[in-house]
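Structure file protein.cif with mmCIF, C-alpha atoms:
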```cif
data_protein
#
loop_
_atom_site.label_atom_id
_atom_site.label_comp_id
_atom_site.auth_asym_id
_atom_site.auth_seq_id
_atom_site.Cartn_x
_atom_site.Cartn_y
_atom_site.Cartn_z
CA MET A 1 -22.94 -10.71 10.84
CA GLY A 2 -23.04 -13.68 8.51
CA LYS A 3 -19.82 -15.45 7.61
CA CYS A 4 -20.25 -14.43 4.04
CA ASN A 5 -17.48 -13.02 1.82
CA LYS A 6 -19.98 -11.14 -0.32
CA GLN A 7 -21.43 -9.39 2.70
CA ILE A 8 -18.07 -8.34 4.13
CA GLN A 9 -17.06 -7.03 0.71
CA GLN A 10 -20.26 -5.00 0.70
CA ILE A 11 -19.43 -3.66 4.15
CA CYS A 12 -16.00 -2.54 2.89
CA ASP A 13 -17.53 -0.95 -0.20
CA TYR A 14 -19.98 0.83 2.11
CA VAL A 15 -17.15 2.09 4.33
CA ASP A 16 -15.32 3.34 1.22
CA GLY A 17 -18.48 5.06 -0.06
CA GLU A 18 -18.59 2.76 -3.09
CA LEU A 19 -21.72 0.71 -2.38
CA GLU A 20 -24.73 1.33 -4.62
CA SER A 21 -27.43 3.28 -2.82
CA ALA A 22 -30.10 0.54 -2.85
CA LEU A 23 -27.73 -1.78 -0.98
CA CYS A 24 -26.66 1.04 1.36
CA ALA A 25 -30.17 1.37 2.79
CA GLU A 26 -30.33 -2.40 3.32
CA LEU A 27 -26.97 -2.43 5.06
CA GLU A 28 -27.78 0.59 7.21
CA ALA A 29 -30.91 -1.18 8.45
CA GLN A 30 -28.75 -4.17 9.35
CA LEU A 31 -26.26 -1.96 11.20
CA LYS A 32 -29.04 -0.83 13.50
CA GLU A 33 -29.81 -4.45 14.37
CA CYS A 34 -26.36 -5.97 14.64
CA ASN A 35 -23.66 -4.82 17.06
CA ASN A 36 -20.94 -6.84 15.39
CA CYS A 37 -21.74 -5.29 12.01
CA ARG A 38 -21.60 -1.81 13.52
CA LEU A 39 -18.29 -2.51 15.25
CA MET A 40 -16.91 -4.08 12.06
CA VAL A 41 -17.85 -1.01 10.01
CA ASP A 42 -16.29 1.35 12.57
CA SER A 43 -13.05 -0.61 12.91
CA LEU A 44 -12.63 -1.20 9.16
CA LYS A 45 -13.05 2.53 8.63
CA GLN A 46 -10.55 3.36 11.37
CA THR A 47 -8.02 0.84 10.04
CA VAL A 48 -7.70 2.83 6.82
CA VAL A 49 -7.85 6.20 8.59
CA LEU A 50 -4.96 5.16 10.87
CA CYS A 51 -2.92 3.92 7.88
CA ARG A 52 -3.37 7.27 6.17
CA GLU A 53 -2.33 9.23 9.26
CA GLY A 54 1.33 8.27 8.99
CA LYS A 55 3.61 11.18 8.24
CA PRO A 56 5.17 10.61 4.80
CA GLU A 57 8.85 9.91 5.26
CA PRO A 58 11.01 11.54 2.57
CA LEU A 59 14.09 9.91 1.07
CA PRO A 60 16.92 10.64 3.55
CA LYS A 61 19.31 13.34 2.27
CA GLU A 62 22.40 11.12 2.54
CA LEU A 63 20.69 8.39 0.55
CA GLU A 64 19.65 10.88 -2.11
CA ALA A 65 23.25 12.03 -2.52
CA LYS A 66 24.42 8.40 -2.78
CA LEU A 67 21.64 7.65 -5.25
CA ASN A 68 22.46 10.66 -7.45
CA ASN A 69 26.11 9.58 -7.68
CA ALA A 70 25.16 6.01 -8.55
CA LEU A 71 22.72 7.22 -11.20
CA ARG A 72 25.28 9.51 -12.81
CA ARG A 73 27.86 6.71 -12.97
CA ARG A 74 25.32 4.33 -14.52
CA TRP A 75 24.20 7.01 -16.98
CA GLU A 76 27.75 7.71 -18.10
CA LYS A 77 28.36 4.00 -18.51
CA LYS A 78 25.29 3.72 -20.74
CA PHE A 79 25.47 6.97 -22.70
CA GLY A 80 29.06 8.12 -22.19
CA LYS A 81 30.28 11.24 -20.42
CA LYS A 82 28.60 14.53 -21.27
CA GLN A 83 31.00 16.79 -23.20
CA GLY A 84 31.73 20.39 -22.15
CA MET B 1 8.02 20.45 -20.61
CA ASP B 2 5.63 17.52 -21.02
CA GLU B 3 6.49 13.99 -19.94
CA ARG B 4 6.76 12.53 -23.46
CA LYS B 5 9.24 15.15 -24.54
CA LEU B 6 11.36 14.56 -21.43
CA ILE B 7 11.28 10.80 -22.04
CA ARG B 8 12.46 11.26 -25.64
CA LEU B 9 15.29 13.52 -24.46
CA ALA B 10 16.28 11.02 -21.75
CA GLN B 11 16.20 8.18 -24.28
CA GLY B 12 18.62 10.24 -26.36
CA GLY B 13 21.05 10.47 -23.45
CA ASP B 14 19.97 13.70 -21.69
CA PHE B 15 20.67 13.06 -17.99
CA ASP B 16 19.03 16.31 -16.89
CA ALA B 17 15.79 15.23 -18.58
CA PHE B 18 15.98 11.89 -16.75
CA ASN B 19 16.53 13.69 -13.44
CA THR B 20 13.53 15.91 -14.08
CA LEU B 21 11.44 12.83 -14.83
CA ILE B 22 12.37 11.02 -11.63
CA ALA B 23 12.44 14.04 -9.29
CA GLY B 24 8.83 13.69 -8.17
CA HIS B 25 9.08 9.92 -7.77
CA LYS B 26 12.07 9.43 -5.47
CA ASP B 27 10.17 10.07 -2.22
CA LYS B 28 7.15 8.08 -3.42
CA ILE B 29 9.18 4.99 -4.31
CA TYR B 30 11.06 5.20 -1.01
CA ARG B 31 7.81 5.48 0.93
CA LEU B 32 6.26 2.56 -0.94
CA ALA B 33 9.33 0.37 -0.36
CA LEU B 34 9.41 1.31 3.31
CA LYS B 35 5.75 0.44 3.83
CA LEU B 36 6.08 -2.90 2.10
CA THR B 37 9.35 -4.00 3.66
CA GLY B 38 9.20 -2.17 7.02
CA ASN B 39 12.95 -1.97 6.77
CA ARG B 40 15.03 1.10 5.89
CA GLU B 41 17.98 -0.86 4.53
CA ASP B 42 15.77 -2.78 2.12
CA ALA B 43 13.95 0.41 1.16
CA ASP B 44 17.32 2.07 0.38
CA ASP B 45 18.30 -0.88 -1.83
CA ILE B 46 14.94 -0.93 -3.60
CA VAL B 47 15.09 2.79 -4.41
CA GLN B 48 18.59 2.43 -5.85
CA GLU B 49 17.74 -0.73 -7.82
CA THR B 50 14.57 0.88 -9.22
CA PHE B 51 16.27 3.94 -10.68
CA LEU B 52 19.30 2.02 -11.93
CA LYS B 53 16.98 -0.41 -13.73
CA ALA B 54 15.09 2.58 -15.12
CA ILE B 55 18.36 3.83 -16.65
CA ASP B 56 19.20 0.38 -18.01
CA ASN B 57 15.78 0.10 -19.65
CA ILE B 58 14.91 3.70 -20.52
CA ASP B 59 15.35 3.01 -24.25
CA LYS B 60 12.79 0.16 -24.01
CA PHE B 61 10.10 2.37 -22.44
CA ARG B 62 7.33 2.63 -25.05
CA MET B 63 5.05 5.16 -23.28
CA GLU B 64 2.20 2.66 -23.08
CA ALA B 65 1.84 3.50 -19.38
CA SER B 66 2.80 6.71 -17.58
CA PHE B 67 6.44 7.02 -16.53
CA GLY B 68 5.34 6.87 -12.87
CA THR B 69 3.43 3.61 -13.40
CA TRP B 70 6.48 2.13 -15.14
CA LEU B 71 8.72 3.11 -12.19
CA TYR B 72 6.22 1.64 -9.69
CA THR B 73 6.22 -1.62 -11.64
CA ILE B 74 10.02 -1.80 -11.50
CA ALA B 75 9.96 -0.95 -7.78
CA LEU B 76 7.34 -3.63 -7.02
CA ASN B 77 9.43 -6.25 -8.82
CA SER B 78 12.34 -5.23 -6.65
CA VAL B 79 10.17 -5.41 -3.50
CA ARG B 80 9.11 -8.93 -4.52
CA ALA B 81 12.73 -9.98 -4.99
CA HIS B 82 13.60 -8.69 -1.51
CA ALA B 83 10.51 -10.14 0.17
CA GLY B 84 11.13 -13.51 -1.46
CA LYS B 85 14.03 -13.98 0.92
CA GLU B 86 11.87 -13.58 4.06
CA LYS B 87 9.34 -15.74 5.83
CA ARG B 88 6.10 -13.83 6.41
CA MET B 89 2.99 -14.85 8.34
CA SER B 90 0.23 -16.32 6.20
CA LEU B 91 -3.27 -14.84 6.19
CA LYS B 92 -6.41 -16.74 7.18
CA PRO B 93 -9.36 -17.26 4.82
CA ILE B 94 -11.72 -14.25 4.85
CA GLU B 95 -14.49 -15.99 6.83
CA GLU B 96 -12.12 -16.64 9.74
CA TYR B 97 -11.73 -12.90 10.25
CA LEU B 98 -15.48 -12.47 10.77
CA PRO B 99 -17.46 -12.83 14.00
CA SER B 100 -19.80 -15.81 14.15
CA ASP B 101 -23.28 -14.31 13.73
CA HIS B 102 -25.68 -11.43 14.18
CA SER B 103 -26.10 -10.50 17.78
CA SER B 104 -27.40 -7.25 19.16
CA ASP B 105 -26.69 -8.25 22.75
CA ALA B 106 -23.27 -9.81 22.85
CA ALA B 107 -20.85 -8.25 20.41
CA GLU B 108 -17.77 -10.41 19.89
CA LEU B 109 -15.81 -7.53 18.51
CA PHE B 110 -14.00 -4.97 20.64
CA GLU B 111 -15.28 -1.40 20.58
CA TRP B 112 -12.28 0.63 19.37
CA GLY B 113 -13.51 4.06 20.43
CA ASP B 114 -10.66 6.44 19.66
CA PRO B 115 -7.41 4.45 19.23
CA HIS B 116 -5.45 7.66 19.95
CA GLN B 117 -6.71 7.35 23.54
CA ILE B 118 -5.13 3.90 23.71
CA PHE B 119 -1.79 4.51 21.98
CA GLU B 120 0.25 7.53 20.97
CA ASN B 121 0.42 8.39 17.29
CA LYS B 122 3.97 7.16 16.91
CA GLN B 123 3.11 3.81 18.52
CA LEU B 124 0.07 3.43 16.26
CA GLN B 125 2.20 4.04 13.18
CA GLU B 126 4.80 1.53 14.38
CA LEU B 127 2.05 -1.06 14.91
CA ILE B 128 0.76 -0.54 11.39
CA GLU B 129 4.26 -0.55 9.88
CA ARG B 130 5.06 -3.85 11.62
CA ALA B 131 1.74 -5.48 10.71
CA LEU B 132 2.13 -4.56 7.02
CA ALA B 133 5.74 -5.75 6.96
CA GLU B 134 4.70 -9.13 8.41
CA MET B 135 1.99 -9.64 5.80
CA PRO B 136 2.71 -11.50 2.53
CA ILE B 137 3.37 -8.83 -0.09
CA LYS B 138 0.73 -10.25 -2.41
CA TYR B 139 -1.78 -8.82 0.11
CA SER B 140 0.04 -5.79 1.51
CA THR B 141 0.93 -4.42 -1.94
CA PRO B 142 -2.64 -3.96 -3.26
CA PHE B 143 -3.75 -2.65 0.16
CA VAL B 144 -0.95 -0.05 0.29
CA LEU B 145 -1.50 1.01 -3.32
CA ARG B 146 -5.24 1.35 -2.76
CA TYR B 147 -5.40 3.10 0.58
CA MET B 148 -2.01 4.69 1.16
CA GLU B 149 -1.09 5.59 -2.43
CA GLU B 150 -4.74 6.41 -3.16
CA MET B 151 -5.06 4.42 -6.40
CA SER B 152 -8.43 3.15 -7.61
CA VAL B 153 -9.10 -0.61 -7.55
CA ASN B 154 -8.88 -0.65 -11.36
CA GLU B 155 -5.48 1.07 -11.33
CA VAL B 156 -4.18 -1.37 -8.73
CA ALA B 157 -5.49 -4.33 -10.74
CA GLU B 158 -3.82 -3.01 -13.88
CA MET B 159 -0.51 -2.39 -12.18
CA LEU B 160 -0.43 -5.82 -10.54
CA LYS B 161 -1.83 -7.56 -13.63
CA LEU B 162 -4.69 -9.07 -11.63
CA THR B 163 -8.42 -9.20 -12.27
CA VAL B 164 -10.50 -6.60 -10.44
CA ALA B 165 -12.16 -9.39 -8.42
CA ALA B 166 -8.81 -10.84 -7.32
CA THR B 167 -7.53 -7.35 -6.45
CA LYS B 168 -10.61 -6.59 -4.34
CA SER B 169 -10.31 -9.92 -2.59
CA ARG B 170 -6.64 -9.36 -1.69
CA ILE B 171 -7.31 -5.82 -0.48
CA LEU B 172 -10.18 -7.09 1.66
CA ARG B 173 -8.09 -9.87 3.20
CA ALA B 174 -5.27 -7.46 4.01
CA ARG B 175 -7.71 -4.99 5.54
CA LEU B 176 -9.36 -7.66 7.69
CA ALA B 177 -5.98 -9.02 8.82
CA LEU B 178 -4.75 -5.56 9.73
CA ARG B 179 -8.03 -4.76 11.49
CA GLU B 180 -7.80 -7.94 13.56
CA LYS B 181 -4.16 -7.33 14.44
CA LEU B 182 -4.91 -3.80 15.65
CA GLU B 183 -7.99 -4.96 17.53
CA ASP B 184 -6.00 -7.65 19.37
CA VAL B 185 -3.43 -5.07 20.46
CA PHE B 186 -6.07 -2.52 21.51
CA ARG B 187 -8.02 -5.13 23.46
CA GLU B 188 -4.88 -6.36 25.17
CA ARG B 189 -3.89 -2.81 26.14
CA VAL B 190 -7.35 -1.93 27.51
CA HIS B 191 -8.17 -5.21 29.25
CA GLY B 192 -4.64 -6.36 30.05
#
```
What's the structure tokens form of this structure?
Amino acid sequence: MGKCNKQIQQICDYVDGELESALCAELEAQLKECNNCRLMVDSLKQTVVLCREGKPEPLPKELEAKLNNALRRRWEKKFGKKQG
Amino acid sequence: MDERKLIRLAQGGDFDAFNTLIAGHKDKIYRLALKLTGNREDADDIVQETFLKAIDNIDKFRMEASFGTWLYTIALNSVRAHAGKEKRMSLKPIEEYLPSDHSSDAAELFEWGDPHQIFENKQLQELIERALAEMPIKYSTPFVLRYMEEMSVNEVAEMLKLTVAATKSRILRARLALREKLEDVFRERVHG
């Protein structure tokens, strides 16, 4: 693997499925020849996969209640209390 | 009811319309703040600041962007204000994250295999959370927006007011830094 920013950007684009097909063939040929390139592609792919695996954490219920109260107070300060 | 109509109602003082507008964004803003700060207290503050600022400025919202994009922009400003108080590790130039040359015999990089065989899921998520929280937010923000919030590079560039080239470069640097951090930990665990 060359120490070239353009090439590593191409590798990332390839991993993300965004590299134009002519360059894909060139890169795939290189992957067969270069262990480091192959390991780089695999680990860059896995880095994003692992990041996406995290379970989305919702806003905690107690914070939501606190937030709703704060928002109502600020709203009433700005627009006045709702009548009725 | 469509978003524009809700915004007009909220701008006229309708709190229910405002609540409908923000309902789908509370969890998203919290998640974003948590990923970028790695700290629940800061994430709590950022969520509160974001929606309070949205109330303060709702009458200035001109519908040039979507309401969600506007909220994200407010939230990211708040993240920046919080992160400004901390010292974070700096990232290396891109070329320093790359192995030295082509070599089919002696790979310098560690073969990850399946990281779930090395660490449990929870540990992996903690590693990622910590690594992102240690990274300067100018790099972690575009990375998180791109790969964890699933925005396109163009959308990230627009939101952060960067060129597409600068956005791609920051995303790449964050990805390489995170990759290296994980690799170091995996290697250490496997080889001791």
Each residue of region 2-84 of chain A lying at most 9 Å from region 17-27 of chain B should get a row with its shortest atom-to-atom pair and the distance in Å to one decimal, counting only C-alpha atoms; could you produce that, ordered by chain and increasing number, as JSON lines?
```
{"residue": "A:Pro56", "atom": "CA", "partner": "B:Asp27", "partner_atom": "CA", "distance": 8.6}
{"residue": "A:Glu57", "atom": "CA", "partner": "B:Asp27", "partner_atom": "CA", "distance": 7.6}
{"residue": "A:Pro58", "atom": "CA", "partner": "B:Asp27", "partner_atom": "CA", "distance": 5.1}
{"residue": "A:Leu59", "atom": "CA", "partner": "B:Asp27", "partner_atom": "CA", "distance": 5.1}
{"residue": "A:Pro60", "atom": "CA", "partner": "B:Asp27", "partner_atom": "CA", "distance": 8.9}
{"residue": "A:Glu64", "atom": "CA", "partner": "B:Lys26", "partner_atom": "CA", "distance": 8.4}
{"residue": "A:Asn68", "atom": "CA", "partner": "B:Asn19", "partner_atom": "CA", "distance": 9.0}
```
| query | What is the distance, in Å and to one decimal place, between CA of Lys55 (chain A) and CA of Asn121 (chain B)? | reply |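 Separation of CA of Lys55 (chain A) and CA of Asn121 (chain B): 10.0 Å.
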| request: Just say which residues the PyMOL selection byres ((chain A) within 8 of (chain B)) picks in this file, as a PyMOL selection string. | output: chain A and resi 1-5+9+12+33-37+39-40+42-44+47-48+50-54+56-59+63+67+70-72+74-75+78-79
Can I get the selected residues back with C-alpha atoms, as a tab-separated table (two decimals), in the frame of the given file?
```tsv
chain	number	residue	atom	x	y	z
A	1	MET	CA	-22.94	-10.71	10.84
A	2	GLY	CA	-23.04	-13.68	8.51
A	3	LYS	CA	-19.82	-15.45	7.61
A	4	CYS	CA	-20.25	-14.43	4.04
A	5	ASN	CA	-17.48	-13.02	1.82
A	9	GLN	CA	-17.06	-7.03	0.71
A	12	CYS	CA	-16.00	-2.54	2.89
A	33	GLU	CA	-29.81	-4.45	14.37
A	34	CYS	CA	-26.36	-5.97	14.64
A	35	ASN	CA	-23.66	-4.82	17.06
A	36	ASN	CA	-20.94	-6.84	15.39
A	37	CYS	CA	-21.74	-5.29	12.01
A	39	LEU	CA	-18.29	-2.51	15.25
A	40	MET	CA	-16.91	-4.08	12.06
A	42	ASP	CA	-16.29	1.35	12.57
A	43	SER	CA	-13.05	-0.61	12.91
A	44	LEU	CA	-12.63	-1.20	9.16
A	47	THR	CA	-8.02	0.84	10.04
A	48	VAL	CA	-7.70	2.83	6.82
A	50	LEU	CA	-4.96	5.16	10.87
A	51	CYS	CA	-2.92	3.92	7.88
A	52	ARG	CA	-3.37	7.27	6.17
A	53	GLU	CA	-2.33	9.23	9.26
A	54	GLY	CA	1.33	8.27	8.99
A	56	PRO	CA	5.17	10.61	4.80
A	57	GLU	CA	8.85	9.91	5.26
A	58	PRO	CA	11.01	11.54	2.57
A	59	LEU	CA	14.09	9.91	1.07
A	63	LEU	CA	20.69	8.39	0.55
A	67	LEU	CA	21.64	7.65	-5.25
A	70	ALA	CA	25.16	6.01	-8.55
A	71	LEU	CA	22.72	7.22	-11.20
A	72	ARG	CA	25.28	9.51	-12.81
A	74	ARG	CA	25.32	4.33	-14.52
A	75	TRP	CA	24.20	7.01	-16.98
A	78	LYS	CA	25.29	3.72	-20.74
A	79	PHE	CA	25.47	6.97	-22.70
```
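For the structure in this document, the set picked by the PyMOL selection byres ((chain B and resi 157) around 12) is Lys138, Thr141, Pro142, Phe143, Leu145, Arg146, Met151, Ser152, Val153, Asn154, Glu155, Val156, Glu158, Met159, Leu160, Lys161, Leu162, Thr163, Val164, Ala165, Ala166, Thr167, Lys168, Ser169, Arg170 and Ile171 of chain B.
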| request: In Å, rounded to a single decimal, give me how far CA of Ala133 (chain B) is from CA of Lys87 (chain B). | output: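 CA of Ala133 (chain B) lies at a distance of 10.7 Å from CA of Lys87 (chain B).
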| message | If the PyMOL selection byres ((chain B and resi 77) around 12) were run on this exact file, what residues would it hold? Put them as an MDAnalysis selection string. | response | chainID B and resid 33 36 46:47 49:50 53 70:76 78:84 137:138 141 159:160
For region 34-53 of chain A, what centre and edge lengths in Å (one decimal) does the axis-aligned box get once 8 Å is added on each side of all its listed atoms, as JSON?
```
{"center_x": -14.3, "center_y": 1.2, "center_z": 11.6, "size_x": 40.0, "size_y": 32.1, "size_z": 26.9}
```
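Our summary of the geometry notes that CA of Arg187 (chain B) is positioned 11.6 Å from CA of Phe119 (chain B).
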| task | Point out the residue among B:Ile58, B:Asp42, B:Lys35, B:Pro136 with the least atom-to-atom distance to Leu6 (chain B), counting only C-alpha atoms. | result |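 Ranked by minimum distance to Leu6 (chain B), first place goes to B:Ile58.
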| Which protein, DNA or RNA residues are at most 12 Å from (-28.7, -9.3, 2.2) in the file's coordinates when you count only C-alpha atoms, listed as JSON, numbers by chain? | {"A": [1, 2, 4, 5, 6, 7, 8, 9, 10, 11, 22, 23, 24, 25, 26, 27, 28, 29, 30, 31]}
Keeping C-alpha atoms for every residue in the selection just given, could you write it to a file as a PDB file, keeping the file's coordinate frame?
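Result written to selection07.pdb:
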```pdb
ATOM      1  CA  MET A   1     -22.940 -10.710  10.840  1.00  0.00           C
ATOM      2  CA  GLY A   2     -23.040 -13.680   8.510  1.00  0.00           C
ATOM      3  CA  CYS A   4     -20.250 -14.430   4.040  1.00  0.00           C
ATOM      4  CA  ASN A   5     -17.480 -13.020   1.820  1.00  0.00           C
ATOM      5  CA  LYS A   6     -19.980 -11.140  -0.320  1.00  0.00           C
ATOM      6  CA  GLN A   7     -21.430  -9.390   2.700  1.00  0.00           C
ATOM      7  CA  ILE A   8     -18.070  -8.340   4.130  1.00  0.00           C
ATOM      8  CA  GLN A   9     -17.060  -7.030   0.710  1.00  0.00           C
ATOM      9  CA  GLN A  10     -20.260  -5.000   0.700  1.00  0.00           C
ATOM     10  CA  ILE A  11     -19.430  -3.660   4.150  1.00  0.00           C
ATOM     11  CA  ALA A  22     -30.100   0.540  -2.850  1.00  0.00           C
ATOM     12  CA  LEU A  23     -27.730  -1.780  -0.980  1.00  0.00           C
ATOM     13  CA  CYS A  24     -26.660   1.040   1.360  1.00  0.00           C
ATOM     14  CA  ALA A  25     -30.170   1.370   2.790  1.00  0.00           C
ATOM     15  CA  GLU A  26     -30.330  -2.400   3.320  1.00  0.00           C
ATOM     16  CA  LEU A  27     -26.970  -2.430   5.060  1.00  0.00           C
ATOM     17  CA  GLU A  28     -27.780   0.590   7.210  1.00  0.00           C
ATOM     18  CA  ALA A  29     -30.910  -1.180   8.450  1.00  0.00           C
ATOM     19  CA  GLN A  30     -28.750  -4.170   9.350  1.00  0.00           C
ATOM     20  CA  LEU A  31     -26.260  -1.960  11.200  1.00  0.00           C
TER      21      LEU A  31
END
```
